[in-house]
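Below is one structure, written out as structure tokens; comments come after it.
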Amino acid sequence: MTGTEQIDVVVVGAGLAGLTAGIRAAEADLRVRVIEQSTDEAYLCNSRYTGGLFHIAMEDMTGDAAWVRANIERATRGEGNGELATALASNAKRTLIWLKQQGVRFITAGPDGLRRNSLAPPGVRQTGLHWQGRAGDVMLRTLADALRRRSGTLTRGVAAQSLVMEDGRCVGVRVLENGQASEIRARSVVLADGGFQANADLVKRFISPAPDRLLMRNARTGQGSGLKMAEDVGASLVGTESFYGHIQYREAMTDERFWPYPVLDSLATAGVVLNSDGERFCDEGLGGVYVTNAIAKLADPLSAVILFDDAIWNGPGTDWLLPANPFLLNAGGKLISAPTIEQLAAQLSLPADKLRATIDGYNSGVAAGQMVAAPPRTTSPYKPWPVAKGPFHAIPVCAGVTYTMGGIATNAKAQVLSQGGAVIPGLLAAGATTGGLEGFSFSGYSGGLSKSSVFGLIAGDTLAETLSGTARAAQSA
Ligand SMILES: Cc1cc2nc3c(=O)[nH]c(=O)nc-3n(C[C@H](O)[C@H](O)[C@H](O)COP(=O)(O)OP(=O)(O)OC[C@H]3O[C@@H](n4cnc5c(N)ncnc54)[C@H](O)[C@@H]3O)c2cc1C
């Protein structure tokens, strides 16, 4: 072990959550060091890959707080922690203003609330991955500059390994830097490592029996190190069973042209999603994020197929950002098509009689306006379309995992909670490494950028409040 150093705050992870917390704490004149595991100047993370739409529950995050709060309730069906939802809703607008004060630029990228506050320059509207010089890339450079202006430090190539605890208080973090172990002592530690989506063991423990058969629709940097470090010191975990993600073309597993866009959600939520027996296995009407989670939980997540007809292809298939029609075909993807269900079954190697029974049962449910057959299907907001008139089409799909929605349990001040529900002194967490706000049995999605920025800012506020008594100078407003 090499030497030690004493600072006020060490932040683990230099994504949106970590930089926001770090800058806010530095504004209060605290001595802040943000550590980032990657050595690269343009270190990859989900904040760099992001599409850049700052929203809450797919709506404008700067709206009236009560309205925003109700939107979270609707999206999560009330399953999330109410205190976290209230904190998110009531701090959303000021967080966006604060980000603008740091130099982050926004534009309105579309007529709806989802696109009202989009990073500038906006993400490229093309299939495949394009992050250089746009949205998240520019945001991270801007925030890193803001941190330096506040005399905070960002050190790359330093990976947190475990937390240092003394008398029940977190007093630092053990790190590896250039292969050398050392300890960074601090009065508080903020975990902002971005989730556990890229850790196969944790994904197997919580989410899917076959992690290697999921598409990493992410930067592969969320290795769950924050969750493991927190769990090791007695932190409580919450909502770890679900993730935010989208249904993607199966070829995306090996072909970069097909991820993170196009997403196939709108086809799946209008038509049917089938397993390898030709049977429906989930409620398509609960939305694309829910269906993606259901696919991930199959014994073989690479066995799911979506099936639809021309009317769906030319209707919902053209809907949403970079939809399958025409972007999947433009990127080189193909539909599997046949004039009858039986011929399609043969092409998909599915049992024809079972597939026919599945489609007949589904169509009669649609005609009756009620889908009671197992599994039942919700009819709003995603209306089931009949799969009635040939040619019929199918697309083999996979579950694209963007980030895990559950994780370390925190209170509304971003303080980490122990299994008994008490605050673990000196330990905070923010962003995709945390749980409690979104996910759960309906995979309700609140929003990645809003969660990471708002709770990053709240973590910084808490540091300012709890450490300012002995901070080097008075806390700024
Ligand atoms: C393709 C894509 C599109 C998206 N589009 C949107 C969108 O339009 N709107 C939206 O709301 N959300 C979107 N998201 C999600 C959103 O971008 C993320 O949820 C958010 O940026 C996460 O921020 P974070 O700071 O919590 O984590 P990250 O940005 O992942 O940052 C975590 C950082 O911690 C570092 N780290 C990890 N472990 C350690 C360790 N042990 N020691 C030191 N450093 C460590 C990582 O290297 C990383 O740099 C998208 C995500 C992706 C991948």
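Chain identifiers are assigned as A, B, and so on, following the order in which chains appear in the structure tokens; residues are numbered from 1 within each chain, and ligands are numbered from 1 in order of appearance.
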Name the residues in contact with region 364-381 of chain A at a cut-off of 9 Å, using only C-alpha atoms, excluding same-chain residues fewer than 6 positions from it; report them as a list in words.
->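 Surrounding residues, per the criterion: Arg280, Phe281, Cys282, Asp283, Glu284, Gly285, Leu286 and Gly287 of chain A.
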Report as a PyMOL selection string which protein, DNA and RNA residues come within 7 Å of ligand 1, using only C-alpha atoms and all ligand atoms.
-> chain A and resi 12-18+35-38+43-55+158-161+192-195+217-219+221-226+260+402-403+430-433+447-450+452
With C-alpha atoms kept, could you save the residues just selected as a short mmCIF file (atom, residue, chain, number, x, y, z; two decimals), in the first residue's frame?
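Resulting contents of again_36.cif:
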```cif
data_model
loop_
_atom_site.label_atom_id
_atom_site.label_comp_id
_atom_site.auth_asym_id
_atom_site.auth_seq_id
_atom_site.Cartn_x
_atom_site.Cartn_y
_atom_site.Cartn_z
CA VAL A 12 -16.34 7.33 -7.22
CA GLY A 13 -17.17 7.71 -10.92
CA ALA A 14 -17.03 10.72 -13.24
CA GLY A 15 -20.34 10.33 -15.05
CA LEU A 16 -23.17 12.83 -14.77
CA ALA A 17 -24.03 11.88 -11.16
CA GLY A 18 -20.45 11.95 -9.89
CA ILE A 35 -11.94 9.37 -9.30
CA GLU A 36 -12.61 7.62 -12.58
CA GLN A 37 -11.50 4.07 -13.33
CA SER A 38 -10.72 4.66 -16.99
CA TYR A 43 -13.50 7.77 -20.79
CA LEU A 44 -16.56 5.78 -21.77
CA CYS A 45 -19.63 5.66 -19.56
CA ASN A 46 -23.38 5.75 -20.04
CA SER A 47 -23.36 9.53 -19.62
CA ARG A 48 -21.11 9.77 -22.69
CA TYR A 49 -23.25 7.39 -24.78
CA THR A 50 -26.49 9.05 -23.76
CA GLY A 51 -29.17 10.14 -26.18
CA GLY A 52 -29.34 13.31 -24.07
CA LEU A 53 -33.06 13.67 -23.38
CA PHE A 54 -33.53 15.08 -19.88
CA HIS A 55 -37.07 14.04 -18.94
CA VAL A 158 -8.10 5.25 -10.28
CA ALA A 159 -10.52 2.40 -9.53
CA ALA A 160 -12.28 2.18 -6.18
CA GLN A 161 -12.09 -1.29 -4.63
CA ALA A 192 -21.62 7.20 -8.47
CA ASP A 193 -20.28 4.25 -10.46
CA GLY A 194 -23.24 3.90 -12.82
CA GLY A 195 -24.97 0.59 -11.95
CA ARG A 217 -26.80 -1.57 -24.70
CA ASN A 218 -24.44 0.45 -22.56
CA ALA A 219 -20.80 1.46 -22.17
CA THR A 221 -18.47 0.43 -17.42
CA GLY A 222 -21.19 -0.18 -14.82
CA GLN A 223 -19.55 -3.16 -13.12
CA GLY A 224 -21.49 -2.98 -9.88
CA SER A 225 -18.45 -2.02 -7.83
CA GLY A 226 -20.43 0.58 -5.86
CA PRO A 260 -28.47 1.39 -29.40
CA THR A 402 -29.09 0.13 -20.81
CA TYR A 403 -28.79 0.49 -17.04
CA ALA A 430 -26.28 8.96 -6.60
CA GLY A 431 -27.35 8.06 -10.11
CA ALA A 432 -27.69 4.66 -11.72
CA THR A 433 -25.93 2.91 -8.83
CA GLY A 447 -35.42 8.61 -16.48
CA GLY A 448 -31.66 8.05 -16.27
CA LEU A 449 -30.34 11.57 -16.79
CA SER A 450 -32.86 13.19 -14.47
CA SER A 452 -28.32 11.04 -12.02
#
```
Determine, counting only C-alpha atoms, which protein, DNA and RNA residues have an atom within 8 Å of an atom of Arg257 (chain A); residues of the same chain fewer than 3 positions away are not included. Present the result as an MDAnalysis selection string.
-> chainID A and resid 127:129 252 331
Write out the residues from the selection above, keeping C-alpha atoms, as a PDB file, in the first residue's frame.
```pdb
ATOM      1  CA  THR A 127     -28.836   3.954 -36.203  1.00  0.00           C
ATOM      2  CA  GLY A 128     -25.740   2.619 -34.454  1.00  0.00           C
ATOM      3  CA  LEU A 129     -23.641   4.405 -31.846  1.00  0.00           C
ATOM      4  CA  ALA A 252     -27.202  -6.359 -32.536  1.00  0.00           C
ATOM      5  CA  ALA A 331     -29.321  -0.343 -41.465  1.00  0.00           C
TER       6      ALA A 331
END
```
Which one is closest to Asp137 (chain A): A:Leu154, A:Glu41, A:Lys354, A:Asp300? Count only C-alpha atoms.
->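 For Asp137 (chain A), the nearest of the given residues is A:Glu41.
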Members of region 20-254 of chain A assigned helix (DSSP H, G or I) by DSSP, as a PyMOL selection string | chain A and resi 20-27+46-49+65-76+82-101+113-115+135-149+200-206+211-213+225-232+250-253
Determine, counting only C-alpha atoms, which protein, DNA and RNA residues have an atom within 10 Å of an atom of Ile207 (chain A); residues of the same chain fewer than 6 positions away are not included. Present the result as a list in words.
-> Gln197, Ala200, Asp201, Thr240, Glu241, Ser242, Phe243, Asn293, Ala294, Ala296, Lys297 and Thr404 of chain A
Please dump the current selection as a PDB file, in the first residue's frame; keep N, CA and C atoms.
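Listed below is the output, part-v3.pdb:
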```pdb
ATOM      1  N   GLN A 197     -25.090  -3.189 -14.623  1.00  0.00           N
ATOM      2  CA  GLN A 197     -25.520  -3.863 -15.848  1.00  0.00           C
ATOM      3  C   GLN A 197     -24.427  -4.659 -16.550  1.00  0.00           C
ATOM      4  N   ALA A 200     -21.688  -9.611 -15.075  1.00  0.00           N
ATOM      5  CA  ALA A 200     -22.479 -10.822 -15.373  1.00  0.00           C
ATOM      6  C   ALA A 200     -22.919 -11.543 -14.103  1.00  0.00           C
ATOM      7  N   ASP A 201     -22.057 -11.578 -13.090  1.00  0.00           N
ATOM      8  CA  ASP A 201     -22.427 -12.295 -11.855  1.00  0.00           C
ATOM      9  C   ASP A 201     -23.617 -11.617 -11.178  1.00  0.00           C
ATOM     10  N   THR A 240     -33.505  -4.433  -7.279  1.00  0.00           N
ATOM     11  CA  THR A 240     -32.409  -4.859  -8.158  1.00  0.00           C
ATOM     12  C   THR A 240     -32.866  -5.763  -9.313  1.00  0.00           C
ATOM     13  N   GLU A 241     -34.141  -6.127  -9.343  1.00  0.00           N
ATOM     14  CA  GLU A 241     -34.584  -7.115 -10.334  1.00  0.00           C
ATOM     15  C   GLU A 241     -34.852  -6.537 -11.712  1.00  0.00           C
ATOM     16  N   SER A 242     -34.900  -5.209 -11.842  1.00  0.00           N
ATOM     17  CA  SER A 242     -35.246  -4.715 -13.176  1.00  0.00           C
ATOM     18  C   SER A 242     -34.279  -3.656 -13.688  1.00  0.00           C
ATOM     19  N   PHE A 243     -34.300  -3.508 -14.993  1.00  0.00           N
ATOM     20  CA  PHE A 243     -33.362  -2.598 -15.657  1.00  0.00           C
ATOM     21  C   PHE A 243     -34.121  -1.779 -16.693  1.00  0.00           C
ATOM     22  N   ASN A 293     -37.495  -6.563 -20.078  1.00  0.00           N
ATOM     23  CA  ASN A 293     -37.191  -7.277 -18.835  1.00  0.00           C
ATOM     24  C   ASN A 293     -37.712  -8.705 -18.868  1.00  0.00           C
ATOM     25  N   ALA A 294     -38.917  -8.883 -19.435  1.00  0.00           N
ATOM     26  CA  ALA A 294     -39.496 -10.230 -19.512  1.00  0.00           C
ATOM     27  C   ALA A 294     -38.651 -11.125 -20.425  1.00  0.00           C
ATOM     28  N   ALA A 296     -35.453 -10.824 -20.918  1.00  0.00           N
ATOM     29  CA  ALA A 296     -34.204 -11.110 -20.197  1.00  0.00           C
ATOM     30  C   ALA A 296     -34.393 -12.243 -19.190  1.00  0.00           C
ATOM     31  N   LYS A 297     -35.611 -12.416 -18.701  1.00  0.00           N
ATOM     32  CA  LYS A 297     -35.846 -13.423 -17.674  1.00  0.00           C
ATOM     33  C   LYS A 297     -36.151 -14.808 -18.261  1.00  0.00           C
ATOM     34  N   THR A 404     -29.184  -0.601 -14.938  1.00  0.00           N
ATOM     35  CA  THR A 404     -29.987  -1.246 -13.904  1.00  0.00           C
ATOM     36  C   THR A 404     -30.751  -0.187 -13.108  1.00  0.00           C
TER      37      THR A 404
END
```
Distance criterion (only C-alpha atoms): nearest to Glu177 (chain A) out of A:Leu147, A:Phe196, A:Leu30, A:Thr39 |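 Among the listed residues, A:Thr39 lies closest to Glu177 (chain A).
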Record the distance separating CA of Met165 (chain A) and CA of Asp8 (chain A), expressed in Å with one decimal.
->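 It comes out at 15.2 Å.
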Can you tell me which residues surround Leu350 (chain A) at a distance of at most 9 Å, considering only C-alpha atoms, apart from same-chain residues fewer than 6 positions away, and format the answer as a tab-separated table (two decimals) with C-alpha atoms, in the first residue's frame?
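Final output, out_38.tsv:
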```tsv
chain	number	residue	atom	x	y	z
A	276	SER	CA	-39.46	-20.71	-28.59
A	277	ASP	CA	-42.72	-22.67	-28.19
A	278	GLY	CA	-44.62	-20.09	-30.24
A	344	LEU	CA	-44.05	-18.16	-41.13
```
Would you please extract all strand (DSSP E or B) residues from region 226-465 of chain A, as assigned by DSSP on the backbone, and give them as an NGL selection string?
-> :A and (235 or 237-238 or 243-249 or 272-274 or 280 or 305-309 or 336-338 or 371 or 377 or 392-404 or 407-410 or 415-418 or 423-429 or 434-435 or 439 or 444)
Test item: residues at most 8 Å from Pro316 (chain A), only C-alpha atoms, excluding those fewer than 6 positions along its chain, as a ChimeraX atom specification | /A:266-267,270
If we count only C-alpha atoms, what is near Ile97 (chain A) at a cut-off of 12 Å, once residues fewer than 6 positions away on the same chain are taken out, given as a short mmCIF file (atom, residue, chain, number, x, y, z; two decimals) with C-alpha atoms, in the first residue's frame?
```cif
data_model
loop_
_atom_site.label_atom_id
_atom_site.label_comp_id
_atom_site.auth_asym_id
_atom_site.auth_seq_id
_atom_site.Cartn_x
_atom_site.Cartn_y
_atom_site.Cartn_z
CA MET A 61 -38.94 17.58 -16.07
CA THR A 62 -39.23 21.35 -15.61
CA ASN A 91 -35.55 19.45 -7.44
CA GLY A 103 -22.26 25.72 -19.04
CA VAL A 104 -24.27 22.67 -20.13
CA ARG A 105 -26.35 23.60 -23.15
CA PHE A 106 -29.86 22.41 -23.96
CA ASN A 117 -34.77 19.53 -22.74
CA SER A 453 -28.31 14.83 -12.19
CA VAL A 454 -30.96 15.55 -9.55
CA LEU A 457 -26.99 17.69 -6.96
#
```
Between A:Pro111, A:Gly22, A:Gly133, A:Gly168, which one has atoms that come closest to Arg149 (chain A), using only C-alpha atoms?
->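 Looking at the shortest contact to Arg149 (chain A), the residue is A:Gly22.
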Atom pair CA of Ala57 (chain A) / CA of Gly456 (chain A): separation (Å) = 18.4 Å
In Å and to one decimal, CA of Leu335 (chain A) is distant from CA of Glu251 (chain A) by 12.1 Å
Looking at only C-alpha atoms, which of A:Ala352, A:Val263, A:Ala345, A:Ala28 is the one that sits closest to Thr318 (chain A)?
->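 With only C-alpha atoms as the atom set, the closest residue is A:Val263.
Nearest-residue note for Asp461 (chain A): choosing from A:Val10, A:Ala21, A:Ile72, A:Val175, the minimum distance belongs to A:Ala21, counting only C-alpha atoms.
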Using only C-alpha atoms, which of A:Gly80, A:Gly444, A:Gly407, A:Gly172 sits nearest Lys228 (chain A)?
->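 Nearest candidate to Lys228 (chain A) out of A:Gly80, A:Gly444, A:Gly407, A:Gly172: A:Gly407.
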